[in-house]
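A.B. asks: One file: structure-v6.txt (compact mmCIF, C-alpha atoms and all ligand atoms).
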```
# COMPACT_ATOMS: atom_id res chain seq x y z
CA MET A 1 23.61 -26.78 -50.44
CA ASN A 2 21.62 -28.48 -53.16
CA GLU A 3 24.35 -30.84 -54.29
CA PRO A 4 23.17 -34.22 -55.50
CA LEU A 5 22.72 -36.68 -52.67
CA GLY A 6 25.26 -39.17 -54.01
CA GLN A 7 27.99 -36.55 -54.12
CA ALA A 8 27.18 -35.31 -50.62
CA ARG A 9 27.56 -38.85 -49.38
CA ILE A 10 31.00 -39.28 -50.83
CA GLU A 11 32.22 -35.98 -49.38
CA LYS A 12 30.86 -36.49 -45.86
CA PRO A 13 32.88 -38.83 -43.68
CA GLU A 14 30.55 -41.23 -41.96
CA LEU A 15 29.93 -40.39 -38.30
CA ARG A 16 29.60 -43.68 -36.45
CA HIS A 17 29.11 -42.58 -32.82
CA PHE A 18 28.79 -39.25 -31.03
CA THR A 19 30.45 -39.62 -27.65
CA ALA A 20 32.54 -36.47 -27.11
CA ILE A 21 33.14 -33.02 -28.54
CA GLU A 22 36.85 -33.37 -27.86
CA SER A 23 37.23 -36.43 -30.07
CA SER A 24 35.07 -35.04 -32.89
CA THR A 25 36.60 -33.16 -35.79
CA SER A 26 35.76 -29.51 -36.38
CA GLY A 27 34.22 -30.55 -39.70
CA GLU A 28 31.89 -33.04 -38.01
CA LEU A 29 30.88 -30.48 -35.41
CA ARG A 30 30.17 -27.71 -37.93
CA ASP A 31 28.22 -30.20 -40.02
CA LEU A 32 26.11 -31.24 -37.00
CA LEU A 33 25.47 -27.61 -36.06
CA ASP A 34 24.43 -26.75 -39.63
CA LEU A 35 22.09 -29.72 -39.67
CA ALA A 36 20.64 -28.76 -36.25
CA ALA A 37 19.99 -25.24 -37.59
CA ARG A 38 18.26 -26.71 -40.65
CA VAL A 39 16.13 -28.95 -38.42
CA ALA A 40 15.22 -25.98 -36.21
CA ALA A 41 14.19 -23.98 -39.29
CA GLY A 42 11.88 -26.72 -40.57
CA PRO A 43 11.57 -29.77 -38.34
CA GLY A 44 8.60 -31.03 -40.37
CA ARG A 45 10.89 -31.83 -43.29
CA PHE A 46 12.51 -34.54 -41.17
CA ASP A 47 9.23 -36.19 -40.12
CA ASP A 48 9.34 -39.93 -40.70
CA SER A 49 12.87 -39.74 -42.12
CA LEU A 50 13.99 -42.58 -39.81
CA ASN A 51 10.81 -44.62 -40.03
CA GLY A 52 10.88 -47.92 -38.17
CA ARG A 53 14.39 -47.53 -36.73
CA LEU A 54 14.95 -48.25 -33.03
CA LEU A 55 16.45 -46.02 -30.34
CA ILE A 56 17.16 -47.39 -26.89
CA ASN A 57 17.56 -44.75 -24.18
CA LEU A 58 19.81 -46.37 -21.57
CA PHE A 59 19.67 -43.82 -18.75
CA LEU A 60 21.47 -44.93 -15.60
CA GLU A 61 21.39 -41.46 -14.03
CA ALA A 62 18.46 -39.11 -13.49
CA SER A 63 17.23 -37.03 -16.43
CA THR A 64 14.16 -35.12 -17.54
CA ARG A 65 15.08 -32.91 -20.50
CA THR A 66 17.72 -35.06 -22.15
CA ARG A 67 15.82 -38.34 -22.04
CA VAL A 68 12.50 -36.87 -23.08
CA SER A 69 14.04 -34.82 -25.88
CA PHE A 70 15.84 -37.86 -27.29
CA GLU A 71 12.52 -39.66 -27.25
CA ILE A 72 10.61 -36.82 -28.90
CA ALA A 73 13.38 -36.30 -31.46
CA ALA A 74 13.34 -39.97 -32.39
CA ARG A 75 9.53 -40.23 -32.51
CA ARG A 76 9.23 -37.12 -34.69
CA MET A 77 11.38 -38.90 -37.25
CA GLY A 78 9.31 -42.07 -37.05
CA MET A 79 11.57 -44.14 -34.81
CA HIS A 80 10.54 -46.62 -32.16
CA VAL A 81 11.86 -45.81 -28.69
CA VAL A 82 12.52 -48.05 -25.71
CA ASN A 83 13.52 -46.55 -22.37
CA VAL A 84 15.70 -48.40 -19.89
CA SER A 85 16.35 -46.88 -16.48
CA GLU A 86 18.42 -48.09 -13.57
CA HIS A 87 15.55 -48.77 -11.21
CA ALA A 88 13.49 -50.86 -13.56
CA SER A 89 16.35 -52.89 -15.01
CA SER A 90 18.77 -55.63 -14.03
CA VAL A 91 21.42 -52.99 -13.34
CA GLU A 92 19.78 -52.94 -9.89
CA LYS A 93 20.52 -56.66 -9.64
CA GLY A 94 24.22 -56.02 -10.27
CA GLU A 95 24.47 -56.53 -14.01
CA SER A 96 27.44 -54.62 -15.45
CA LEU A 97 27.04 -51.81 -17.96
CA GLU A 98 28.76 -53.93 -20.61
CA ASP A 99 26.47 -56.92 -20.07
CA THR A 100 23.41 -54.69 -20.05
CA PHE A 101 24.54 -53.10 -23.32
CA ASP A 102 25.27 -56.47 -24.97
CA THR A 103 21.82 -57.70 -23.95
CA LEU A 104 20.22 -54.63 -25.49
CA GLN A 105 22.39 -54.91 -28.62
CA ALA A 106 21.13 -58.44 -29.15
CA MET A 107 17.64 -56.97 -29.59
CA GLY A 108 18.68 -55.02 -32.67
CA PRO A 109 18.68 -51.30 -31.89
CA ASP A 110 20.00 -48.85 -34.45
CA CYS A 111 21.11 -46.46 -31.73
CA VAL A 112 21.71 -46.46 -27.98
CA ALA A 113 21.77 -43.14 -26.11
CA VAL A 114 23.55 -43.72 -22.84
CA ARG A 115 23.75 -41.69 -19.65
CA HIS A 116 25.99 -43.01 -16.91
CA PRO A 117 27.77 -41.67 -13.80
CA GLU A 118 31.22 -42.83 -14.93
CA PRO A 119 33.40 -40.76 -17.26
CA GLY A 120 34.19 -42.73 -20.41
CA ALA A 121 31.11 -44.99 -20.19
CA ALA A 122 29.83 -44.04 -23.66
CA ASP A 123 33.23 -44.66 -25.27
CA ARG A 124 33.39 -48.07 -23.60
CA LEU A 125 30.10 -48.98 -25.21
CA ALA A 126 31.05 -47.49 -28.57
CA ASP A 127 34.13 -49.74 -28.55
CA ARG A 128 31.99 -52.87 -28.24
CA ALA A 129 29.12 -51.77 -30.48
CA GLN A 130 28.28 -54.21 -33.26
CA PRO A 131 28.14 -52.98 -36.86
CA GLY A 132 24.99 -50.95 -37.36
CA VAL A 133 24.68 -49.95 -33.69
CA HIS A 134 25.43 -46.29 -33.02
CA VAL A 135 26.19 -44.91 -29.56
CA ILE A 136 25.38 -41.38 -28.39
CA ASN A 137 26.70 -40.01 -25.12
CA ALA A 138 23.84 -38.44 -23.16
CA GLY A 139 26.20 -37.52 -20.28
CA ASP A 140 29.05 -39.55 -18.77
CA GLY A 141 29.86 -38.48 -15.20
CA GLY A 142 31.68 -35.17 -15.16
CA ALA A 143 33.26 -35.78 -18.56
CA GLU A 144 31.10 -34.82 -21.56
CA HIS A 145 27.57 -34.06 -22.67
CA PRO A 146 28.03 -33.42 -26.39
CA THR A 147 24.38 -33.07 -27.42
CA GLN A 148 23.89 -30.42 -24.72
CA ALA A 149 26.84 -28.51 -26.16
CA LEU A 150 25.27 -28.76 -29.61
CA LEU A 151 21.95 -27.34 -28.41
CA ASP A 152 23.73 -24.58 -26.50
CA ALA A 153 25.73 -23.67 -29.61
CA LEU A 154 22.54 -23.64 -31.68
CA THR A 155 20.84 -21.39 -29.11
CA LEU A 156 23.78 -18.95 -29.09
CA GLN A 157 24.01 -18.97 -32.87
CA GLN A 158 20.31 -18.10 -33.18
CA ALA A 159 20.71 -15.30 -30.61
CA PHE A 160 23.96 -13.74 -31.82
CA GLY A 161 24.65 -14.95 -35.34
CA ARG A 162 28.43 -15.02 -35.20
CA PHE A 163 30.32 -16.91 -32.48
CA GLU A 164 33.25 -14.49 -32.75
CA ALA A 165 30.96 -11.76 -31.39
CA ILE A 166 30.26 -13.66 -28.16
CA LYS A 167 31.90 -13.03 -24.81
CA LEU A 168 30.63 -15.77 -22.53
CA ALA A 169 30.76 -16.47 -18.78
CA ILE A 170 30.21 -19.97 -17.39
CA VAL A 171 29.44 -19.76 -13.69
CA GLY A 172 29.18 -22.18 -10.76
CA ASP A 173 30.21 -25.78 -10.27
CA VAL A 174 32.50 -25.94 -13.29
CA GLN A 175 34.64 -28.77 -11.88
CA HIS A 176 31.82 -31.34 -11.94
CA SER A 177 30.04 -30.07 -15.02
CA ARG A 178 30.11 -32.18 -18.17
CA VAL A 179 28.03 -29.41 -19.74
CA ALA A 180 30.79 -26.86 -19.08
CA ARG A 181 33.43 -29.22 -20.42
CA SER A 182 31.57 -29.94 -23.66
CA ASP A 183 30.46 -26.31 -24.08
CA ILE A 184 34.01 -25.03 -23.67
CA ALA A 185 35.34 -27.55 -26.18
CA LEU A 186 32.64 -26.83 -28.77
CA LEU A 187 32.30 -23.07 -28.39
CA SER A 188 36.09 -22.59 -28.47
CA ARG A 189 36.24 -24.52 -31.74
CA LEU A 190 33.40 -22.44 -33.14
CA GLY A 191 35.33 -19.26 -32.41
CA VAL A 192 33.79 -17.74 -29.24
CA SER A 193 36.25 -14.96 -28.48
CA GLU A 194 36.31 -15.13 -24.70
CA ILE A 195 35.06 -17.72 -22.20
CA ARG A 196 35.25 -16.71 -18.55
CA LEU A 197 35.03 -19.45 -15.96
CA ALA A 198 33.93 -18.43 -12.48
CA GLY A 199 32.96 -20.17 -9.28
CA PRO A 200 33.84 -20.62 -5.61
CA ALA A 201 37.47 -21.34 -4.68
CA GLY A 202 38.50 -24.75 -6.01
CA TRP A 203 35.43 -25.13 -8.25
CA VAL A 204 37.12 -24.04 -11.46
CA PRO A 205 39.81 -26.49 -12.61
CA PRO A 206 43.13 -25.18 -13.96
CA LEU A 207 42.61 -23.87 -17.47
CA GLU A 208 45.20 -26.30 -18.90
CA THR A 209 42.85 -29.19 -18.07
CA PHE A 210 40.53 -28.03 -20.84
CA HIS A 211 41.99 -29.44 -24.04
CA ALA A 212 40.48 -26.71 -26.12
CA GLY A 213 41.75 -24.27 -23.51
CA GLY A 214 43.62 -21.75 -25.49
CA SER A 215 43.93 -18.07 -25.17
CA ASN A 216 40.15 -17.58 -25.06
CA LEU A 217 39.77 -18.99 -21.50
CA ARG A 218 40.00 -16.83 -18.38
CA LYS A 219 39.36 -17.61 -14.74
CA PHE A 220 37.51 -15.32 -12.30
CA ASP A 221 36.89 -15.64 -8.59
CA ARG A 222 34.14 -13.02 -8.26
CA LEU A 223 30.79 -13.07 -9.98
CA ASP A 224 30.60 -9.28 -10.49
CA GLU A 225 33.86 -9.24 -12.40
CA ALA A 226 33.10 -12.38 -14.36
CA VAL A 227 29.86 -10.99 -15.81
CA THR A 228 30.91 -7.40 -16.45
CA GLY A 229 30.63 -6.72 -20.18
CA VAL A 230 29.74 -10.27 -21.29
CA ASN A 231 26.89 -10.95 -23.70
CA ALA A 232 26.00 -14.45 -22.57
CA ILE A 233 26.07 -16.24 -19.23
CA ILE A 234 25.64 -19.99 -18.69
CA MET A 235 24.69 -20.79 -15.10
CA LEU A 236 25.40 -24.24 -13.67
CA ARG A 237 23.65 -26.28 -11.00
CA ILE A 238 25.62 -27.39 -7.94
CA GLN A 239 26.20 -31.09 -8.68
CA ARG A 240 25.55 -32.28 -5.13
CA GLU A 241 25.49 -35.91 -6.26
CA ARG A 242 29.18 -35.61 -7.20
CA MET A 243 30.26 -33.97 -3.87
CA ASP A 244 31.02 -35.10 -0.33
CA ALA A 245 28.73 -33.81 2.38
CA ALA A 246 31.56 -31.56 3.64
CA GLU A 247 31.87 -29.83 0.25
CA GLN A 248 28.19 -28.95 -0.03
CA PRO A 249 27.64 -25.22 0.29
CA ASP A 250 24.77 -23.68 2.21
CA PRO A 251 22.18 -22.68 -0.46
CA VAL A 252 21.50 -19.26 1.09
CA ASP A 253 25.21 -18.36 1.28
CA TYR A 254 25.73 -19.68 -2.22
CA HIS A 255 22.93 -17.54 -3.59
CA ARG A 256 24.33 -14.44 -1.89
CA LEU A 257 27.78 -14.92 -3.43
CA TRP A 258 27.17 -16.82 -6.68
CA GLY A 259 23.47 -16.58 -7.52
CA LEU A 260 22.77 -14.66 -10.75
CA LYS A 261 20.53 -11.68 -9.89
CA PRO A 262 19.05 -8.80 -11.91
CA ARG A 263 21.89 -6.47 -10.89
CA HIS A 264 24.38 -8.79 -12.60
CA LEU A 265 22.54 -8.37 -15.86
CA ARG A 266 22.95 -4.61 -15.51
CA LEU A 267 26.71 -5.16 -15.10
CA ALA A 268 26.75 -7.41 -18.15
CA GLY A 269 25.14 -4.78 -20.30
CA PRO A 270 22.29 -4.57 -22.79
CA GLY A 271 21.44 -7.64 -24.80
CA CYS A 272 23.06 -10.12 -22.41
CA ARG A 273 21.31 -13.50 -22.55
CA VAL A 274 21.18 -16.14 -19.82
CA LEU A 275 21.35 -19.91 -20.35
CA HIS A 276 21.05 -22.84 -17.96
CA PRO A 277 21.09 -26.51 -18.98
CA GLY A 278 18.60 -27.39 -16.26
CA PRO A 279 17.54 -28.71 -13.88
CA MET A 280 17.80 -25.35 -12.14
CA ASN A 281 17.56 -24.64 -8.47
CA ARG A 282 15.73 -21.33 -8.27
CA GLY A 283 17.02 -19.08 -5.52
CA VAL A 284 20.33 -20.98 -5.43
CA GLU A 285 22.39 -20.48 -8.61
CA ILE A 286 19.79 -18.26 -10.27
CA ALA A 287 17.18 -15.79 -9.04
CA PRO A 288 13.64 -16.50 -10.30
CA GLU A 289 13.41 -13.00 -11.86
CA VAL A 290 16.43 -13.84 -14.02
CA ALA A 291 15.30 -17.37 -14.90
CA ASP A 292 11.91 -16.07 -16.05
CA GLY A 293 13.05 -12.66 -17.27
CA GLU A 294 13.53 -11.25 -20.75
CA ALA A 295 17.19 -12.20 -20.92
CA SER A 296 16.50 -15.89 -20.33
CA LEU A 297 16.98 -18.38 -23.16
CA ILE A 298 16.33 -21.37 -20.92
CA ARG A 299 13.10 -22.46 -22.62
CA THR A 300 14.67 -21.91 -26.05
CA GLN A 301 17.45 -24.28 -25.03
CA VAL A 302 14.91 -26.94 -24.14
CA ARG A 303 13.15 -26.55 -27.51
CA ASN A 304 16.48 -26.64 -29.33
CA GLY A 305 17.36 -29.83 -27.45
CA VAL A 306 14.84 -31.71 -29.59
CA PHE A 307 16.23 -30.22 -32.82
CA ALA A 308 19.87 -30.88 -31.86
CA ARG A 309 19.07 -34.51 -31.03
CA MET A 310 17.09 -34.92 -34.26
CA ALA A 311 20.17 -33.69 -36.11
CA VAL A 312 22.50 -36.14 -34.35
CA LEU A 313 20.17 -39.11 -34.86
CA HIS A 314 19.67 -38.16 -38.49
CA ARG A 315 23.38 -37.74 -39.18
CA LEU A 316 24.18 -41.13 -37.57
CA LEU A 317 21.31 -43.15 -38.99
CA ALA A 318 20.09 -41.71 -42.28
CA ALA A 319 21.60 -43.80 -45.04
C1 LIG B 1 22.81 -31.42 -17.08
C2 LIG B 1 23.42 -32.80 -16.95
O1 LIG B 1 22.75 -33.78 -16.68
O2 LIG B 1 24.62 -32.81 -17.14
N1 LIG B 1 21.46 -31.42 -17.37
C3 LIG B 1 21.02 -31.71 -18.62
O3 LIG B 1 21.38 -32.69 -19.23
N2 LIG B 1 20.18 -30.82 -19.19
C4 LIG B 1 23.19 -30.51 -15.99
C5 LIG B 1 22.86 -30.85 -14.56
O4 LIG B 1 22.47 -31.96 -14.24
O5 LIG B 1 22.99 -29.95 -13.72
```
For the file at hand, write its structure as structure tokens.

C.D. replies:
Amino acid sequence: MNEPLGQARIEKPELRHFTAIESSTSGELRDLLDLAARVAAGPGRFDDSLNGRLLINLFLEASTRTRVSFEIAARRMGMHVVNVSEHASSVEKGESLEDTFDTLQAMGPDCVAVRHPEPGAADRLADRAQPGVHVINAGDGGAEHPTQALLDALTLQQAFGRFEAIKLAIVGDVQHSRVARSDIALLSRLGVSEIRLAGPAGWVPPLETFHAGGSNLRKFDRLDEAVTGVNAIIMLRIQRERMDAAEQPDPVDYHRLWGLKPRHLRLAGPGCRVLHPGPMNRGVEIAPEVADGEASLIRTQVRNGVFARMAVLHRLLAA
């Protein structure tokens, strides 16, 4: 823990970008989680640790939590932050993502956090990043959302201690969820013993499509069965923006069949905790009594989002 700084530097491989859980090594992921836990335990120790550095938030898809938490994380450590969004930028005038990125790179950022509707967008930018520019994926289409997975892992670790002790259900629109994809990849690597995937017919992709998908993944087609005996449940929003009109379920029917209600928590058993990456649609995928109830860790996730993003920025940028 208290090894001399020089030695720590030699032993730690440099992390250049953070674009996907699946392409990160287990060592990098454990290191990031340990750092996030240290930040959460004493965020003040990281104040001003990245003084004067520049983060550009390039968000070409809607966001509240992720964008704001990147900004707060960066500011807490003394960084400058510039926000670029689709509607106030030349992306609206037809400029490509690559050209937009190159324009921003020319202004000397240390880091660009990018959110984009296309899978692979962050990797495309990482490939063209100049030396000294680090790229973080803040969500690329339905592919990955690695900092969300990190904050979810931190939240579960704080709640349960050991990952091996966790039986988890992920419920809802799994097929379009980058959160589910990154969570499954990270939590499997960290040793979560069972991950149950459940949702309406056709909404849970074949288990082989999850690279990390080993023996710990199981598929369920009924909510009652999926939650029986689990100790954590991650609920997902219906990603209407990634669906045709014909696919969109009626919210009332959806809530009846797939909405998480107090009786499901009784099936899950004592101590079960509920997570949701947000934004949530109350009365659709989750009943308000559950979202606001004792089992909910939803606000803790939001708080941990700042700590997880501080950890990622610090690991990428601190010399
Ligand atoms: C998620 C996202 O954008 O992938 N939200 C988030 O980042 N907290 C989930 C969602 O939009 O439903």

A.B. asks: Could you work out how far CA of Asp221 (chain A) lies from CA of Lys167 (chain A), giving the answer in Å with one decimal?

C.D. replies: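 Result for CA of Lys167 (chain A) versus CA of Asp221 (chain A): 17.2 Å, one decimal.
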
A.B. asks: Measuring atom to atom with all atoms listed in the file, identify which of A:Ile184, A:Ala159, A:Ile56, A:Ala20 is nearest to Pro119 (chain A).

C.D. replies: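 Answer, going by the shortest atom-to-atom distance: A:Ala20.
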
A.B. asks: At most 12 Å from (12.8, -26.7, -28.7), file frame, all atoms listed in the file: which residues, as an mmCIF file with C-alpha atoms, in the frame of the given file?

C.D. replies:
```
data_model
loop_
_atom_site.group_PDB
_atom_site.id
_atom_site.type_symbol
_atom_site.label_atom_id
_atom_site.label_comp_id
_atom_site.auth_asym_id
_atom_site.auth_seq_id
_atom_site.Cartn_x
_atom_site.Cartn_y
_atom_site.Cartn_z
ATOM 1 C CA ALA A 36 20.640 -28.760 -36.250
ATOM 2 C CA ALA A 37 19.990 -25.240 -37.590
ATOM 3 C CA VAL A 39 16.130 -28.950 -38.420
ATOM 4 C CA ALA A 40 15.220 -25.980 -36.210
ATOM 5 C CA ALA A 41 14.190 -23.980 -39.290
ATOM 6 C CA GLY A 42 11.880 -26.720 -40.570
ATOM 7 C CA PRO A 43 11.570 -29.770 -38.340
ATOM 8 C CA ARG A 65 15.080 -32.910 -20.500
ATOM 9 C CA THR A 66 17.720 -35.060 -22.150
ATOM 10 C CA VAL A 68 12.500 -36.870 -23.080
ATOM 11 C CA SER A 69 14.040 -34.820 -25.880
ATOM 12 C CA PHE A 70 15.840 -37.860 -27.290
ATOM 13 C CA ILE A 72 10.610 -36.820 -28.900
ATOM 14 C CA ALA A 73 13.380 -36.300 -31.460
ATOM 15 C CA LEU A 151 21.950 -27.340 -28.410
ATOM 16 C CA ASP A 152 23.730 -24.580 -26.500
ATOM 17 C CA LEU A 154 22.540 -23.640 -31.680
ATOM 18 C CA THR A 155 20.840 -21.390 -29.110
ATOM 19 C CA LEU A 297 16.980 -18.380 -23.160
ATOM 20 C CA ILE A 298 16.330 -21.370 -20.920
ATOM 21 C CA ARG A 299 13.100 -22.460 -22.620
ATOM 22 C CA THR A 300 14.670 -21.910 -26.050
ATOM 23 C CA GLN A 301 17.450 -24.280 -25.030
ATOM 24 C CA VAL A 302 14.910 -26.940 -24.140
ATOM 25 C CA ARG A 303 13.150 -26.550 -27.510
ATOM 26 C CA ASN A 304 16.480 -26.640 -29.330
ATOM 27 C CA GLY A 305 17.360 -29.830 -27.450
ATOM 28 C CA VAL A 306 14.840 -31.710 -29.590
ATOM 29 C CA PHE A 307 16.230 -30.220 -32.820
ATOM 30 C CA ALA A 308 19.870 -30.880 -31.860
ATOM 31 C CA ARG A 309 19.070 -34.510 -31.030
ATOM 32 C CA MET A 310 17.090 -34.920 -34.260
#
```

A.B. asks: If you measure from CA of Ile21 (chain A) to CA of Ala122 (chain A), what distance in Å do you get, rounded to one decimal?

C.D. replies: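 For CA of Ile21 (chain A) relative to CA of Ala122 (chain A), the distance reads 12.5 Å.
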
A.B. asks: Give as a list in words the residues surrounding ligand LIG 1 (chain B) up to a distance of 6 Å, considering all atoms listed in the file.

C.D. replies: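 So, counting all atoms listed in the file, the residues near ligand LIG 1 (chain B) are Arg65, Thr66, Gly139, Arg178, Val179, Arg237, Pro277, Gly278 and Pro279 of chain A.
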
A.B. asks: Of the candidates A:Ala153, A:Leu32, A:Leu197, A:Ile234, which one gets nearest to Val174 (chain A) if we count only C-alpha atoms?

C.D. replies: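 The closest residue to Val174 (chain A) is A:Leu197.
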